[in-house]
Structures are given as structure tokens and as C-alpha cells.
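Asker: This is the structure I want to talk about, given as C-alpha cells.
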Amino acid sequence: MTDQAYNFAYLDEATKRMIRRALLKGIAVPGYQVPFASREMPMPYGWGTGGVQVTAACLTPEDTLKVIDQGADDTTNAVSIRKFFERTGGVKTTTHTAEASLIQTRHRIPEEPLRADQILVYQVPIPEPLRFLEPRESETRKMHSLEEYGLMHVKLYEDIARHGEISTAYAYPVKVEGRYVMDPSPIPKFDNPKLGGSPAIQLFGAGREQRIYALPPFTQVVSLDFEDHPFMASKADHDCDLCGCSTSYLDEVITDDRGGRMFVCSDTDFCEARRAQGHRGRLSPEEAV
Amino acid sequence: MSDLSGGFAEVAQQSARAFRAVLNAMARPGQLQQLEGAAPPAPLSPAAGAVLLTLVDQSTRLHLAPSHDTPEIRNWIAFHCGAPLSGAEEAAFALGAWEALQPVARFAMGTPDYPDRAATLIVEEAGSNPPNARLSGPGIETQVKAYLPDIAAFQANHAGFPLGFDCLFTARDTVFGLPRSSNVEAL
């Protein structure tokens with residue numbers, strides 16, 4: 001049941017209007033980080049306060065909410081945010097990607113392709129892709145306005161000089177519609193190709209850093225690279241040990257202190273659905289499931 | 001009708017639904033969305049009334065173009081939104097028919113550092129006209145046809161990207177968006 005002491009979806013209406021105005025400007029200028037007056041939420045910074053505020057501003061009573069944390073529906077962060085909106089919004093929740101109309105995510109894009117009637121909300125820790133290269137906000141703002149992104153290419157080049165390849169594996173910078181360089185949040189670069197051309201609306205909220213940005217559907221999103229070192233979406237070179245999938249993004253799980261390890265789908269809903277269909281991996285023989 | 005009626009009865013729920021329609025409108029340029037729930041005084045359309053209730057408040061300056069600058073509409077906005085009225089140059093939102101909003105170059109386009117500090121125009125349309133423009137760009141898979149009251153003005157607006165104003169076209173209980181990111185061609 002909805003906790004009656006709270007407004008629908010927790011935030012007051014004036015705050016939602018402020019966030020909604022920022023979201024619309026973010027949609028109008030894809031990839032540009034819109035400053036917004038982020039509120040303190042009843043959870044610590046770093047636990048998705050930005051994503052929660054964006055979700056609260058978008059949520060309708062008819063929505064079905066799914067929350068994932070590194071692909072998993074059953075981790076503390078995902079469970080507590082789901083419960084938060086069950087209590088303050090009275091909305092239905094689900095763990096199935098296909099059933100959800102609004103998905104809040106920390107650091108993954110679901111394996112199952114998204115649809116036009118779905119919204120994906122990202123939790124973003126550091127929205128500024130240039131921040132680790134230039135700590136001053138006044139300077140990074142100027143660099144965005146002048147489209148001065150040489151520094152980012154220098155960083156990727158130094159990767160190549162040091163490691164022989166672009167070693168950036170997550171939060172891999174992208175260019176949106178040939179204009180703004182954007183941090184896709186710390187999703188693995190495996191997920192980068194799903195950012196562009198998606199039929200779903202993608203919204204990004206950074207609570208501590210007070211920024212909102214957005215990708216409308218079917219937006220052109222290009223991962224930065226070089227002609228002789230093209231971008232490559234990489235994953236662990238294994239199959240899932242539970243469902244046997246060879247194309248999904250995998251987590252490596254240490255199983256003992258003698259070097260034992262297993263690889264499992266990071267997207268738990270995807271993995272469970274495959275196992276329910278009868279797919280099996282190395283460590284899940286038929287009888288054990 | 002009294003100035004006090006015609007707002008949202010269930011503010012949180014109805015404005016949430018209205019916002020989703022407006023979000024879809026801006027994210028999918030040129031595609032009509034249903035937008036209901038408001039009953040503002042004429043000539044303000046229900047869709048434009050819902051946009052005002054959802055986005056406009058004490059912290060946003062609103063410009064009323066002559067077509068919509070009536071005592072009834074002023075009173076309705078004062079009661080339901082509380083938005084301070086302003087001249088075109090300072091406005092975050094502007095409301096009116098396309099002709100009444102001219103010249104649109106007056107409106108805030110944002111700055112190179114802060115392109116979000118740009119006006120949103122709520123353009124009231126009389127009704128459905130045959131499409132005269134082809135739209136493409138973010139939010140559009142290939143292309144979309146729409147009726148725009150002016151082609152050249154929106155081409156000029158897009159040419160200034162990432163600066164420029166964004167439009168919501170409202171008629172009766174429908175809305176469609178045209179952000180500055182949309183490329184506009186005459187049909």
C-alpha cells in the first residue's frame with residue numbers, strides 16, 4: 001500500500017516540475033548535462049539518488065517498475081529502490097524486463113532489447129566524461145561549449161601507447177549526434193552499442209553531481225575510437241556456466257580460494273528466463289536445476 | 001466557469017500522466033500524444049492547460065502572447081500555476097498562437113555554456129492541417145511528417161543547435177513536440 005504520509009512517488013510536486021523541465025531540456029539537447037536542483041533523498045549518495053529522482057518524476061500509477069543493480073534484480077540496492085516506490089507510489093514492480101514499463105538501472109543495459117513503450121533510467125556517479133582529465137567545472141563546461149574534445153582522444157591514445165589497445169572497459173565515452181561527448185555511466189563497453197538507435201527513451205540522473213541528461217529514441221551514439229584502433233564491445237571469453245549463453249555479458253564469480261571460478265550472466269532475469277526454457281551451462285546439469 | 005476550476009483533481013497522478021505525454025512528445029518529434037485532464041478557459045486548449053499545470057510554476061517566467069493574454073487566462077494561471085508573467089525575452093515558457101508569438105527570435109536560445117537556458121514555446125494550433133514538413137533527427141527512426149506553421153523559422157532554429165527554443169504544439173487534447181534538434185524540410 002501507498003504510505004499516505006508521502007506524496008505519490010515521494011517527491012513534492014514543485015520538485016517534480018523542476019526535474020521534469022530539466023528532463024525535457026535534456027531530451028532537446030541529447031547528451032548535454034542539464035544542471036538541476038538535486039534533492040536529498042532518504043538514501044546515501046552513490047545509491048542511486050539521481051536515478052531515483054528521475055524515476056520519481058517520470059513514474060505514473062500505471063507503471064510497472066523494474067530496478068537492476070549490475071544486471072541483478074536481487075541485490076540490496078535494487079531491492080530497496082523497488083520497495084521504496086512500492087511504498088511511496090503504490091506501483092507494480094517486476095523483475096522481468098519485458099513486463100516493465102520503467103526500468104531503473106545501475107551500470108547495465110538489459111540483455112533483452114528494449115521497446116518503444118519502455119523508459120530506461122540510469123544511475124550516474126560522475127556525469128562529466130572529462131572530469132578525470134580536467135577537474136575544473138568551469139573548464140569542462142567551456143570544452144563542451146567549444147566542442148573541444150581533443151583531451152579525451154589523448155586519453156584513449158595513452159591507453160593504446162601503454163597497453164597496446166584502448167583499455168577503458170566501462171564508462172566508455174560516446175559522442176551523441178556528432179556533438180556532445182557523454183559518459184554513458186559505468187556500463188561495460190559491451191553495452192555501448194545498445195545506446196544508439198534504441199526505441200526506448202534513456203534518461204540519466206546524477207544526484208550528488210546534480211546533472212540530468214538524456215538520449216531520445218533512435219539517437220546516433222558513437223563510441224569514440226581511432227581508425228586503426230576501432231571500438232570493440234568486449235566480454236569475458238566464456239559461456240555462462242548456468243544457462244550456457246555465449247552472447248551475454250558475464251560476471252566472474254570466485255568460488256573457492258584455490259582458483260576456482262565461474263562465469264554467469266550479469267543479467268539475472270535473462271539468465272533465469274533461459275534456464276526456464278531449458279538452456280543449461282557447464283555447472284547446471286539437467287537434474288540439478 | 002470559475003477561475004478556480006479546471007485544474008487537476010488528483011494533482012500528483014494526473015500531472016505524472018501529463019508529463020509522460022509531454023516527455024513522449026519531446027522525445028518523438030512530430031508524433032501526436034493525447035494530453036487530457038485540464039479544463040482551462042477558452043481560448044486555452046485542454047492540452048496547453050495540462051502542459052502549464054505540469055511544467056509551469058512560481059519559479060518559471062511565462063510570456064502570454066496577445067492571442068492568449070485575457071483576464072480569464074491570467075486569473076486561471078495565477079491560481080493554478082502561480083507563474084510570474086514576463087516579457088518575451090525573459091520568459092522560460094511562452095504561450096500563444098504562432099502568429100502572436102512573432103518575432104520568435106526574441107525568445108531565449110540558451111548560451112553556449114548553458115544551452116538548457118532556452119525558452120519552451122507552447123504553440124496553440126487551430127486544428128489539424130495536412131502535413132507540410134518532413135522531420136528527422138533524434139527521436140525519429142527515419143522520418144516523420146507534420147504540419148508546422150512556418151518552415152524557415154524552424155530550419156533557422158535547428159541551424160543554431162545546440163542553441164534554440166523548443167516547441168510544444170497543442171490543439172484540443174493533443175500535443176506534439178519539435179525540439180531544436182529536429183531537422184526540418186519542406187514537403
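To be explicit about the labels: the chains of the C-alpha cells are called A, B, and onward in the order shown, and within each one the residues are counted from 1, while ligands get numbers from 1 in the order they are shown.
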Taking only C-alpha atoms into account, report as a list in words which residues of chain B lie within 8 Å of chain A.
Answerer: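 Applying the cut-off to the listed atoms yields Ala12, Gln13, Ala16, Arg17, Phe19, Arg20, Leu23, Met26, Ala27, Arg28, Thr54, Leu55, Val56, Asp57, Pro112, Asp113, Tyr114, Pro115, Asp116, Gly137, Pro138, Gly139, Ile140, Glu141, Pro162, Asp166, Pro179, Arg180 and Ser181 of chain B.
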Asker: Step one, run DSSP on the backbone; step two, keep only residues of segment 78-173 of chain A assigned to strand (DSSP E); then write them as a list in words.
Answerer: Lys92, Thr93, Leu102, Ile103, Gln104, Thr105, Arg106, Ile119, Leu120, Val121, Tyr122 and Gln123 of chain A
Asker: In Å, how far is it from atom CA of Trp47 of chain A to atom CA of Asp267 of chain A?
Answerer: 19.1 Å
Asker: Of the candidates B:Gln155, B:Gln143, B:Ser182, B:Ser5, which one gets nearest to Asn75 of chain B if we count only C-alpha atoms?
Answerer: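 Closest to Asn75 of chain B, using only C-alpha atoms: B:Ser5.
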Asker: Atom CA of Val124 of chain A to atom CA of Tyr149 of chain A: how many Å, to one decimal?
Answerer: 20.8 Å
Asker: Please list as a list in words every residue within 6 Å of Gln33 of chain B, counting only C-alpha atoms and excluding residues in the same chain fewer than 4 positions away.
Answerer: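 So the residues in contact are Ala21, Thr174 and Val175 of chain B.
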Asker: Please return, as a PyMOL selection string, all residues of chain B that DSSP assigns to alpha helix (DSSP H) on the basis of the backbone.
Answerer: chain B and resi 11-27+46-55+71-80+98-101+152-159
Asker: State, in Å with one decimal place, the distance from atom CA of Lys189 of chain A to atom CA of Gln123 of chain A.
Answerer: 16.2 Å
Asker: I want to know what sits within 10 Å of Glu36 of chain B, based on only C-alpha atoms, with residues of the same chain fewer than 4 positions away left out; could you give that as a list in words?
Answerer: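 The residues satisfying every condition are Phe8, Gln14, Ser15, Arg17, Ala18, Ala21, Ser45, Pro46, Ala47, Ala48, Gly49, Ala50, Val51, Arg172, Asp173, Thr174 and Val175 of chain B.
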Asker: Go ahead and dump the residues you just picked, N, CA and C atoms, as a compact mmCIF listing (two decimals), in the first residue's frame.
Answerer:
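Below you can see out.txt, which holds the result:
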```txt
# COMPACT_ATOMS: atom_id res chain seq x y z
N PHE B 8 -6.07 20.05 -12.15
CA PHE B 8 -6.05 18.61 -11.93
C PHE B 8 -6.74 18.30 -10.61
N GLN B 14 -2.30 12.93 -12.03
CA GLN B 14 -2.61 13.48 -13.35
C GLN B 14 -1.42 14.21 -13.96
N SER B 15 -0.65 14.92 -13.13
CA SER B 15 0.50 15.60 -13.71
C SER B 15 1.57 14.59 -14.12
N ARG B 17 0.91 11.61 -15.42
CA ARG B 17 0.47 11.11 -16.74
C ARG B 17 0.69 12.18 -17.80
N ALA B 18 0.38 13.43 -17.45
CA ALA B 18 0.56 14.51 -18.43
C ALA B 18 2.03 14.65 -18.79
N ALA B 21 3.16 12.18 -21.33
CA ALA B 21 2.73 12.55 -22.69
C ALA B 21 3.66 13.63 -23.25
N SER B 45 -6.34 25.70 -24.90
CA SER B 45 -6.77 24.32 -25.16
C SER B 45 -6.52 23.46 -23.92
N PRO B 46 -7.28 22.36 -23.78
CA PRO B 46 -7.02 21.45 -22.65
C PRO B 46 -5.58 20.95 -22.63
N ALA B 47 -5.02 20.69 -23.82
CA ALA B 47 -3.65 20.18 -23.86
C ALA B 47 -2.67 21.24 -23.35
N ALA B 48 -2.83 22.48 -23.81
CA ALA B 48 -1.92 23.54 -23.35
C ALA B 48 -2.11 23.79 -21.86
N GLY B 49 -3.36 23.70 -21.39
CA GLY B 49 -3.61 23.84 -19.96
C GLY B 49 -2.88 22.79 -19.16
N ALA B 50 -2.90 21.54 -19.66
CA ALA B 50 -2.21 20.45 -18.96
C ALA B 50 -0.70 20.67 -18.96
N VAL B 51 -0.16 21.19 -20.08
CA VAL B 51 1.29 21.49 -20.12
C VAL B 51 1.63 22.52 -19.05
N ARG B 172 -6.65 21.21 -29.03
CA ARG B 172 -7.63 20.41 -28.26
C ARG B 172 -6.90 19.56 -27.21
N ASP B 173 -7.03 18.22 -27.30
CA ASP B 173 -6.41 17.37 -26.28
C ASP B 173 -5.21 16.60 -26.85
N THR B 174 -4.51 17.20 -27.82
CA THR B 174 -3.33 16.54 -28.35
C THR B 174 -2.14 17.49 -28.31
N VAL B 175 -0.97 16.89 -28.27
CA VAL B 175 0.27 17.67 -28.27
C VAL B 175 1.30 16.94 -29.11
```
